[in-house]
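A.B. asks: File data29.txt below, compact mmCIF, C-alpha atoms:
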```txt
# COMPACT_ATOMS: atom_id res chain seq x y z
CA MET A 1 -4.85 -116.89 -96.46
CA THR A 2 -8.53 -117.56 -95.93
CA ALA A 3 -10.82 -117.89 -98.89
CA PRO A 4 -13.00 -114.91 -99.76
CA GLY A 5 -16.73 -115.26 -100.00
CA THR A 6 -19.31 -116.98 -97.82
CA PRO A 7 -18.48 -120.42 -96.42
CA GLN A 8 -21.28 -122.09 -98.38
CA PRO A 9 -22.54 -120.95 -101.77
CA PRO A 10 -26.29 -120.28 -101.88
CA GLY A 11 -28.26 -123.38 -102.74
CA SER A 12 -25.41 -125.79 -102.03
CA THR A 13 -26.49 -128.98 -100.24
CA ASP A 14 -23.46 -131.13 -101.04
CA ALA A 15 -22.20 -132.83 -97.86
CA GLU A 16 -18.68 -133.14 -99.25
CA LEU A 17 -15.79 -130.79 -99.81
CA TYR A 18 -12.99 -131.34 -102.31
CA LEU A 19 -9.37 -131.06 -101.27
CA ALA A 20 -6.49 -130.24 -103.54
CA VAL A 21 -3.65 -132.10 -101.80
CA LEU A 22 -0.36 -130.41 -102.68
CA ASP A 23 2.70 -132.06 -101.17
CA HIS A 24 0.82 -132.74 -97.89
CA GLN A 25 -0.90 -129.32 -97.81
CA LYS A 26 -4.68 -129.51 -98.20
CA ILE A 27 -6.69 -126.69 -99.79
CA ALA A 28 -10.46 -127.11 -99.49
CA PHE A 29 -13.04 -126.18 -102.16
CA PHE A 30 -16.79 -126.43 -102.57
CA ASP A 31 -16.43 -126.99 -106.33
CA PRO A 32 -14.50 -130.14 -107.37
CA ALA A 33 -13.52 -128.43 -110.64
CA HIS A 34 -11.64 -125.75 -108.68
CA ALA A 35 -9.76 -128.40 -106.68
CA GLN A 36 -8.88 -130.33 -109.84
CA ALA A 37 -7.71 -127.20 -111.66
CA LEU A 38 -5.40 -126.29 -108.77
CA ALA A 39 -3.93 -129.80 -108.58
CA GLU A 40 -3.25 -129.75 -112.33
CA GLN A 41 -1.70 -126.28 -112.13
CA TRP A 42 0.50 -127.43 -109.25
CA ASN A 43 1.68 -130.46 -111.21
CA SER A 44 2.45 -128.35 -114.26
CA VAL A 45 4.47 -125.83 -112.25
CA HIS A 46 6.36 -128.54 -110.33
CA ALA A 47 6.72 -131.03 -113.18
CA ASP A 48 10.53 -130.95 -113.17
CA ASP A 49 10.73 -131.37 -109.42
CA ILE A 50 8.24 -134.26 -109.45
CA ALA A 51 10.24 -135.95 -112.23
CA ARG A 52 13.46 -135.49 -110.25
CA VAL A 53 11.91 -137.05 -107.14
CA ARG A 54 10.65 -139.97 -109.22
CA ALA A 55 14.12 -140.57 -110.67
CA GLU A 56 16.06 -140.11 -107.43
CA VAL A 57 13.69 -141.47 -104.80
CA GLY A 58 10.94 -143.44 -106.50
CA ALA A 59 7.40 -143.37 -107.78
CA GLU A 60 5.80 -143.42 -104.35
CA ALA A 61 7.67 -140.30 -103.23
CA ALA A 62 6.85 -138.58 -106.53
CA GLN A 63 3.19 -139.38 -106.00
CA ARG A 64 3.28 -137.71 -102.59
CA ARG A 65 4.91 -134.64 -104.14
CA ALA A 66 2.33 -134.41 -106.93
CA GLY A 67 -1.04 -132.73 -106.49
CA HIS A 68 -4.25 -134.72 -106.45
CA VAL A 69 -7.86 -134.35 -105.32
CA GLU A 70 -9.56 -136.03 -102.38
CA SER A 71 -13.05 -135.68 -100.98
CA CYS A 72 -13.79 -134.84 -97.36
CA ALA A 73 -16.99 -134.81 -95.32
CA ARG A 74 -17.97 -131.22 -94.72
CA GLU A 75 -18.60 -131.79 -91.03
CA ASN A 76 -15.18 -133.40 -90.62
CA TRP A 77 -13.50 -130.36 -92.16
CA ARG A 78 -15.64 -128.04 -90.04
CA ARG A 79 -14.34 -129.79 -86.91
CA HIS A 80 -10.74 -130.59 -87.87
CA GLY A 81 -9.76 -128.79 -91.05
CA PRO A 82 -7.18 -125.97 -90.82
CA GLY A 83 -9.19 -122.74 -90.56
CA GLY A 84 -12.53 -124.55 -90.54
CA MET A 85 -15.23 -123.54 -93.02
CA ALA A 86 -13.84 -120.00 -93.28
CA ALA A 87 -10.85 -121.49 -95.12
CA VAL A 88 -12.92 -123.21 -97.84
CA TRP A 89 -12.44 -121.56 -101.21
CA THR A 90 -15.41 -120.44 -103.29
CA ARG A 91 -13.23 -119.66 -106.32
CA PRO A 92 -9.84 -120.65 -107.74
CA PRO A 93 -7.01 -118.95 -105.82
CA ALA A 94 -4.97 -116.39 -107.72
CA SER A 95 -1.35 -117.12 -108.56
CA GLY A 96 1.58 -115.26 -110.04
CA GLN A 97 5.31 -115.15 -110.57
CA GLN A 98 7.33 -113.97 -107.61
CA HIS A 99 11.01 -113.19 -107.12
CA SER A 100 12.79 -113.78 -103.80
CA LEU A 101 16.16 -113.11 -102.19
CA TRP A 102 17.16 -113.77 -98.59
CA ALA A 103 20.10 -113.77 -96.23
CA SER A 104 20.85 -114.48 -92.57
CA PHE A 105 23.51 -112.98 -90.33
CA THR A 106 24.72 -113.20 -86.78
CA GLY A 107 26.46 -110.61 -84.66
CA PHE A 108 25.72 -107.13 -83.38
CA ALA A 109 28.44 -104.65 -84.32
CA HIS A 110 30.38 -107.35 -86.19
CA ARG A 111 28.02 -109.06 -88.63
CA HIS A 112 28.82 -112.49 -90.08
CA VAL A 113 26.96 -113.98 -93.05
CA ILE A 114 25.37 -117.34 -92.21
CA THR A 115 23.40 -118.06 -95.39
CA THR A 116 22.26 -116.35 -98.55
CA GLY A 117 19.70 -117.54 -101.05
CA GLY A 118 18.25 -116.70 -104.40
CA PRO A 119 17.43 -115.26 -106.69
CA LEU A 120 14.46 -117.59 -106.69
CA HIS A 121 11.77 -117.22 -109.36
CA ARG A 122 8.66 -119.23 -108.65
CA THR A 123 4.90 -119.44 -108.97
CA VAL A 124 3.14 -118.55 -105.74
CA TRP A 125 -0.52 -119.05 -104.90
CA GLU A 126 -2.87 -116.88 -102.92
CA PHE A 127 -3.18 -119.41 -100.10
CA GLN A 128 0.57 -119.31 -99.41
CA SER A 129 1.68 -116.90 -96.69
CA TRP A 130 4.39 -115.32 -98.86
CA PHE A 131 2.02 -114.53 -101.76
CA THR A 132 1.97 -110.85 -102.70
CA THR A 133 0.82 -108.70 -105.58
CA GLN A 134 3.17 -105.90 -104.47
CA PRO A 135 6.22 -105.04 -106.60
CA VAL A 136 8.43 -105.56 -103.55
CA VAL A 137 8.02 -106.51 -99.89
CA LYS A 138 11.02 -106.28 -97.56
CA ARG A 139 11.32 -107.82 -94.10
CA ILE A 140 14.23 -107.47 -91.69
CA GLU A 141 13.72 -109.66 -88.62
CA PHE A 142 15.79 -109.56 -85.46
CA ARG A 143 16.22 -112.92 -83.75
CA PRO A 144 17.81 -114.25 -80.55
CA HIS A 145 21.58 -114.46 -80.04
CA GLY A 146 22.31 -111.58 -82.39
CA ALA A 147 20.83 -113.27 -85.46
CA ILE A 148 19.12 -111.19 -88.13
CA SER A 149 17.39 -112.22 -91.34
CA ILE A 150 16.48 -110.40 -94.53
CA GLN A 151 13.69 -111.57 -96.82
CA VAL A 152 12.76 -109.61 -99.94
CA GLU A 153 10.15 -110.76 -102.44
CA GLY A 154 7.76 -109.31 -104.97
CA THR A 155 6.54 -109.28 -108.54
CA ASP A 156 9.13 -106.79 -109.86
CA GLU A 157 12.51 -108.49 -110.18
CA GLN A 158 14.50 -105.24 -110.44
CA ALA A 159 12.72 -103.72 -107.44
CA VAL A 160 13.43 -106.87 -105.42
CA ASP A 161 17.13 -106.77 -106.36
CA GLU A 162 17.42 -103.10 -105.39
CA ALA A 163 15.57 -103.52 -102.08
CA PHE A 164 17.73 -106.51 -101.17
CA ALA A 165 20.94 -104.59 -101.89
CA GLU A 166 19.65 -101.71 -99.77
CA ALA A 167 18.78 -104.07 -96.90
CA LEU A 168 22.24 -105.66 -97.04
CA THR A 169 23.88 -102.25 -96.87
CA HIS A 170 21.72 -101.35 -93.87
CA VAL A 171 22.48 -104.56 -91.97
CA MET A 172 26.22 -104.49 -92.63
CA ALA A 173 26.65 -100.77 -91.89
CA ASN A 174 28.14 -99.65 -88.60
CA PRO A 175 26.28 -97.67 -87.44
CA ASN A 176 22.98 -98.84 -88.90
CA THR A 177 20.67 -96.07 -90.04
CA GLY A 178 18.35 -97.01 -87.17
CA ASP A 179 21.01 -96.94 -84.45
CA HIS A 180 20.32 -94.64 -81.50
CA LEU A 181 20.91 -94.41 -77.77
CA ASP A 182 18.13 -95.50 -75.44
CA PRO A 183 19.73 -95.07 -71.99
CA ALA A 184 17.19 -97.28 -70.21
CA GLY A 185 17.68 -100.06 -72.75
CA VAL A 186 21.48 -99.93 -72.51
CA LEU A 187 21.35 -99.94 -68.70
CA GLN A 188 19.11 -103.01 -68.83
CA VAL A 189 21.61 -104.77 -71.11
CA LEU A 190 24.46 -103.91 -68.72
CA ARG A 191 22.47 -105.11 -65.70
CA GLY A 192 21.57 -108.32 -67.51
CA LEU A 193 25.18 -109.02 -68.51
CA ALA A 194 26.30 -108.36 -64.93
CA GLU A 195 23.84 -111.08 -63.88
CA GLY A 196 24.95 -113.44 -66.66
CA ASP A 197 22.28 -112.87 -69.34
CA GLY A 198 22.17 -109.71 -71.42
CA ARG A 199 18.59 -110.42 -72.54
CA LEU A 200 17.28 -110.81 -68.99
CA TYR A 201 15.47 -107.46 -69.02
CA SER A 202 15.12 -106.92 -72.78
CA PRO A 203 11.94 -108.59 -74.12
CA TRP A 204 12.03 -107.22 -77.69
CA GLU A 205 14.68 -108.52 -80.08
CA GLU A 206 14.94 -105.40 -82.27
CA GLY A 207 15.37 -103.16 -79.24
CA PHE A 208 17.89 -105.54 -77.73
CA HIS A 209 19.98 -105.48 -80.93
CA THR A 210 19.97 -101.66 -80.94
CA ASP A 211 20.81 -101.41 -77.23
CA VAL A 212 23.69 -103.89 -77.50
CA ARG A 213 25.14 -101.96 -80.44
CA ALA A 214 24.89 -98.75 -78.41
CA ALA A 215 26.58 -100.43 -75.43
CA ILE A 216 29.40 -101.61 -77.71
CA ALA A 217 29.75 -98.09 -79.15
CA CYS A 218 30.03 -96.75 -75.60
CA GLY A 219 32.91 -99.15 -74.93
CA LEU A 220 31.00 -100.94 -72.15
CA VAL A 221 30.35 -104.27 -73.90
CA ASP A 222 32.66 -106.44 -75.97
CA GLU A 223 31.59 -108.74 -78.78
CA SER A 224 34.06 -111.34 -79.92
CA THR A 225 34.34 -111.68 -83.69
CA ARG A 226 34.24 -115.46 -83.23
CA TYR A 227 30.86 -116.85 -84.33
CA GLY A 228 28.67 -117.89 -81.45
CA ALA A 229 30.70 -116.11 -78.75
CA ARG A 230 28.83 -114.51 -75.85
CA LEU A 231 28.72 -110.81 -75.12
CA ARG A 232 30.61 -109.66 -72.06
CA LEU A 233 31.17 -106.49 -70.09
CA THR A 234 34.45 -104.74 -70.77
CA SER A 235 36.50 -103.56 -67.81
CA ALA A 236 34.93 -100.13 -68.36
CA GLY A 237 31.49 -101.78 -68.41
CA SER A 238 32.16 -103.57 -65.12
CA SER A 239 33.39 -100.34 -63.54
CA PHE A 240 30.36 -98.45 -64.89
CA THR A 241 27.98 -101.08 -63.48
CA GLU A 242 29.65 -100.93 -60.07
CA GLN A 243 30.02 -97.13 -60.00
CA HIS A 244 26.31 -96.57 -60.70
CA SER A 245 25.18 -99.48 -58.49
CA LEU A 246 23.12 -101.02 -61.30
CA LEU A 247 22.76 -104.29 -59.41
CA GLN A 248 21.09 -102.52 -56.49
CA VAL A 249 18.36 -100.75 -58.50
CA PRO A 250 15.03 -102.64 -58.26
CA ASP A 251 12.73 -103.59 -61.15
CA PRO A 252 15.15 -103.06 -64.04
CA ALA A 253 12.50 -104.15 -66.54
CA GLU A 254 10.63 -100.94 -65.74
CA TRP A 255 13.57 -98.52 -65.83
CA ASP A 256 12.75 -95.29 -67.63
CA PRO A 257 15.47 -94.77 -66.20
CA PRO A 258 14.68 -93.83 -62.57
CA PRO A 259 16.05 -90.57 -61.10
CA GLU A 260 18.86 -92.38 -59.26
CA LEU A 261 20.27 -93.40 -62.66
CA SER A 262 20.29 -89.90 -64.19
CA ALA A 263 24.07 -89.66 -63.76
CA ALA A 264 24.48 -93.03 -65.49
CA ALA A 265 22.23 -91.87 -68.36
CA ASP A 266 24.26 -88.67 -68.70
CA GLU A 267 27.50 -90.63 -68.87
CA LEU A 268 26.03 -92.91 -71.55
CA ALA A 269 25.07 -89.86 -73.62
CA THR A 270 28.60 -88.51 -73.35
CA ARG A 271 30.18 -91.85 -74.26
CA TYR A 272 27.80 -92.43 -77.18
CA SER A 273 28.34 -88.99 -78.71
CA ALA A 274 32.12 -89.50 -78.45
CA ALA A 275 32.06 -92.94 -80.08
CA PRO A 276 34.27 -92.91 -83.23
CA HIS A 277 31.50 -93.98 -85.62
CA GLN A 278 29.09 -91.34 -84.29
CA ARG A 279 31.26 -88.39 -85.30
```
I'd like the structure from this file rewritten - as structure tokens, please.
C.D. replies:
Amino acid sequence: MTAPGTPQPPGSTDAELYLAVLDHQKIAFFDPAHAQALAEQWNSVHADDIARVRAEVGAEAAQRRAGHVESCARENWRRHGPGGMAAVWTRPPASGQQHSLWASFTGFAHRHVITTGGPLHRTVWEFQSWFTTQPVVKRIEFRPHGAISIQVEGTDEQAVDEAFAEALTHVMANPNTGDHLDPAGVLQVLRGLAEGDGRLYSPWEEGFHTDVRAAIACGLVDESTRYGARLRLTSAGSSFTEQHSLLQVPDPAEWDPPPELSAAADELATRYSAAPHQR
């Protein structure tokens, strides 16, 4: 997060900036008192961790973990500092207690838990990307190879717990509340799988996840329950691809779908509406 305010306070002629160095991260200030206050706050918050590093690794490692203040030529920061002069703080950054929970999964219709974490209760500063003053912030991110992650954080512990439970229910549900049939997207998945890569014509991860789940619901794609297995066309999917000549249709990335695939789109609609979990 960039610092608010003008890059240089009125009347300031100091050629130096002051950096609070926090476990290799450098936060720049015009006022050395602000940098020192942040370093001391950091050390107070992380005192137990710094002591653990000192006991387990050594004093040198603990010193690197601890916050301290360094000076820096203003012109050097202007040229090489992260964010340049717009990132120099004119006031102490805000901080607050934040609660976090997270989980990662893989799979489309068959979800497998990879990792879970939390609850984590920690002090977060305004310059950190996950800082928020909101009671709860929820993110569900779709990633390659069927992976999906949930991150929930905020200032209200109960709200975070409830939002995380809701996100878990959504991710594990079959169908998901956001599931739907996009004929063009499903046809692109089928064409891609027929050519050896289901993502070949699907640039957006969230849409790809939804289209694969729809293809599975239609009985045209199979997903092994074994972690890391590839998607494949079922025998019905291979027949569907051949029957509707999907490999002969040009420019599949731009399918809307084209008129010649209207029969294929109609068949998908029939299959999707008849899928057991859609009833």
A.B. asks: Any idea what's packed within 7 Å of range 148-160 of chain A, counting all atoms listed in the file, ignoring anything in its chain fewer than 3 positions away? Could you give it as a list in words?
C.D. replies: Gln97, Gln98, His99, Ser100, Leu101, Trp102, Ala103, Ser104, Phe105, Thr106, Thr132, Thr133, Gln134, Pro135, Val136, Val137, Lys138, Arg139, Ile140, Glu141, Phe142, Arg143, Ala163 and Phe164 of chain A
A.B. asks: For CA of Phe131 in chain A and CA of Arg64 in chain A, determine how far apart the two atoms are, in Å to one decimal place.
C.D. replies: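 We find that CA of Phe131 in chain A and CA of Arg64 in chain A lie 23.2 Å from each other.
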A.B. asks: Using only C-alpha atoms, tabulate the residues of range 100-205 of chain A lying at most 8 Å from any atom of range 252-268 of chain A, each with its closest atom pair and that distance in Å to one decimal, by chain and increasing residue number, as a Markdown table.
C.D. replies:
```
| residue | atom | partner | partner_atom | distance |
| --- | --- | --- | --- | --- |
| A:Pro183 | CA | A:Ala265 | CA | 5.4 |
| A:Ala184 | CA | A:Pro257 | CA | 5.0 |
| A:Gln188 | CA | A:Pro252 | CA | 6.2 |
| A:Arg191 | CA | A:Pro252 | CA | 7.8 |
| A:Tyr201 | CA | A:Ala253 | CA | 5.1 |
| A:Ser202 | CA | A:Ala253 | CA | 7.3 |
```
A.B. asks: Got time to write the residues from that selection, C-alpha atoms, as a PDB file, in the frame of the given file?
C.D. replies:
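For reference, again-v1.pdb as written:
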```
ATOM      1  CA  PRO A 183      19.730 -95.070 -71.990  1.00  0.00           C
ATOM      2  CA  ALA A 184      17.190 -97.280 -70.210  1.00  0.00           C
ATOM      3  CA  GLN A 188      19.110-103.010 -68.830  1.00  0.00           C
ATOM      4  CA  ARG A 191      22.470-105.110 -65.700  1.00  0.00           C
ATOM      5  CA  TYR A 201      15.470-107.460 -69.020  1.00  0.00           C
ATOM      6  CA  SER A 202      15.120-106.920 -72.780  1.00  0.00           C
TER       7      SER A 202
END
```
A.B. asks: Which of these, A:Phe108, A:Trp125, A:Trp130, A:Phe29, has the shortest distance to Leu231 in chain A once you count only C-alpha atoms?
C.D. replies: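 Ranked by minimum distance to Leu231 in chain A, first place goes to A:Phe108.
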A.B. asks: For Gly81 in chain A, list every protein, DNA or RNA residue within 9 Å, evaluated using all atoms listed in the file, and leave out those in the same chain fewer than 6 positions away; present the list as a PyMOL selection string.
C.D. replies: chain A and resi 26+28+87
A.B. asks: Hey, can you pull every residue with an atom no more than 7 Å from (-8.9, -131.9, -104.3), using all atoms listed in the file, and send it as a ChimeraX atom specification?
C.D. replies: /A:18-21,28,32,35-36,39,68-71
A.B. asks: Using only C-alpha atoms, pick whichever of A:Asn176, A:His145, A:Val45, A:Cys218 has the shortest atom-to-atom distance to Asp197 in chain A.
C.D. replies: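 Under the stated criterion, the closest residue is A:His145.
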A.B. asks: Would you kindly return, as a PyMOL selection string, each protein, DNA or RNA residue with an atom no farther than 8 Å from any atom of Asp222 in chain A, considering all atoms listed in the file and excluding same-chain residues fewer than 6 positions away?
C.D. replies: chain A and resi 216+231-234
A.B. asks: Which distance in Å separates CA of Asp161 in chain A and CA of Pro119 in chain A, to one decimal?
C.D. replies: 8.5 Å
A.B. asks: Give the answer as one residue: which of A:Ala73, A:Ile50, A:Ala165, A:Leu17 has the shortest atom-to-atom distance to Thr90 in chain A, using all atoms listed in the file?
C.D. replies: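 Using all atoms listed in the file, the shortest distance to Thr90 in chain A belongs to A:Leu17.
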A.B. asks: Using all atoms listed in the file, which of A:Val212, A:Phe30, A:Ser273, A:Gly198 sits nearest Trp77 in chain A?
C.D. replies: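 Going through A:Val212, A:Phe30, A:Ser273, A:Gly198 one by one, the smallest distance to Trp77 in chain A is for A:Phe30.
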A.B. asks: Which one is closest to Asp182 in chain A: A:Ala269, A:Ala147, A:Ala167, A:Val113? Count only C-alpha atoms.
C.D. replies: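 Under the stated criterion, the closest residue is A:Ala269.
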A.B. asks: Quick one: what's the axis-aligned box for range 153-162 of chain A, all listed atoms, 8 Å on every side, centre and edges in Å to one decimal, as AutoDock Vina command-line options?
C.D. replies:
```
--center_x 12.0 --center_y -106.9 --center_z -106.4 --size_x 26.9 --size_y 23.7 --size_z 24.0
```
A.B. asks: Between CA of Ala109 in chain A and CA of Glu223 in chain A, what is the spacing in Å?
C.D. replies: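 That distance, rounded to one decimal, is 7.6 Å.
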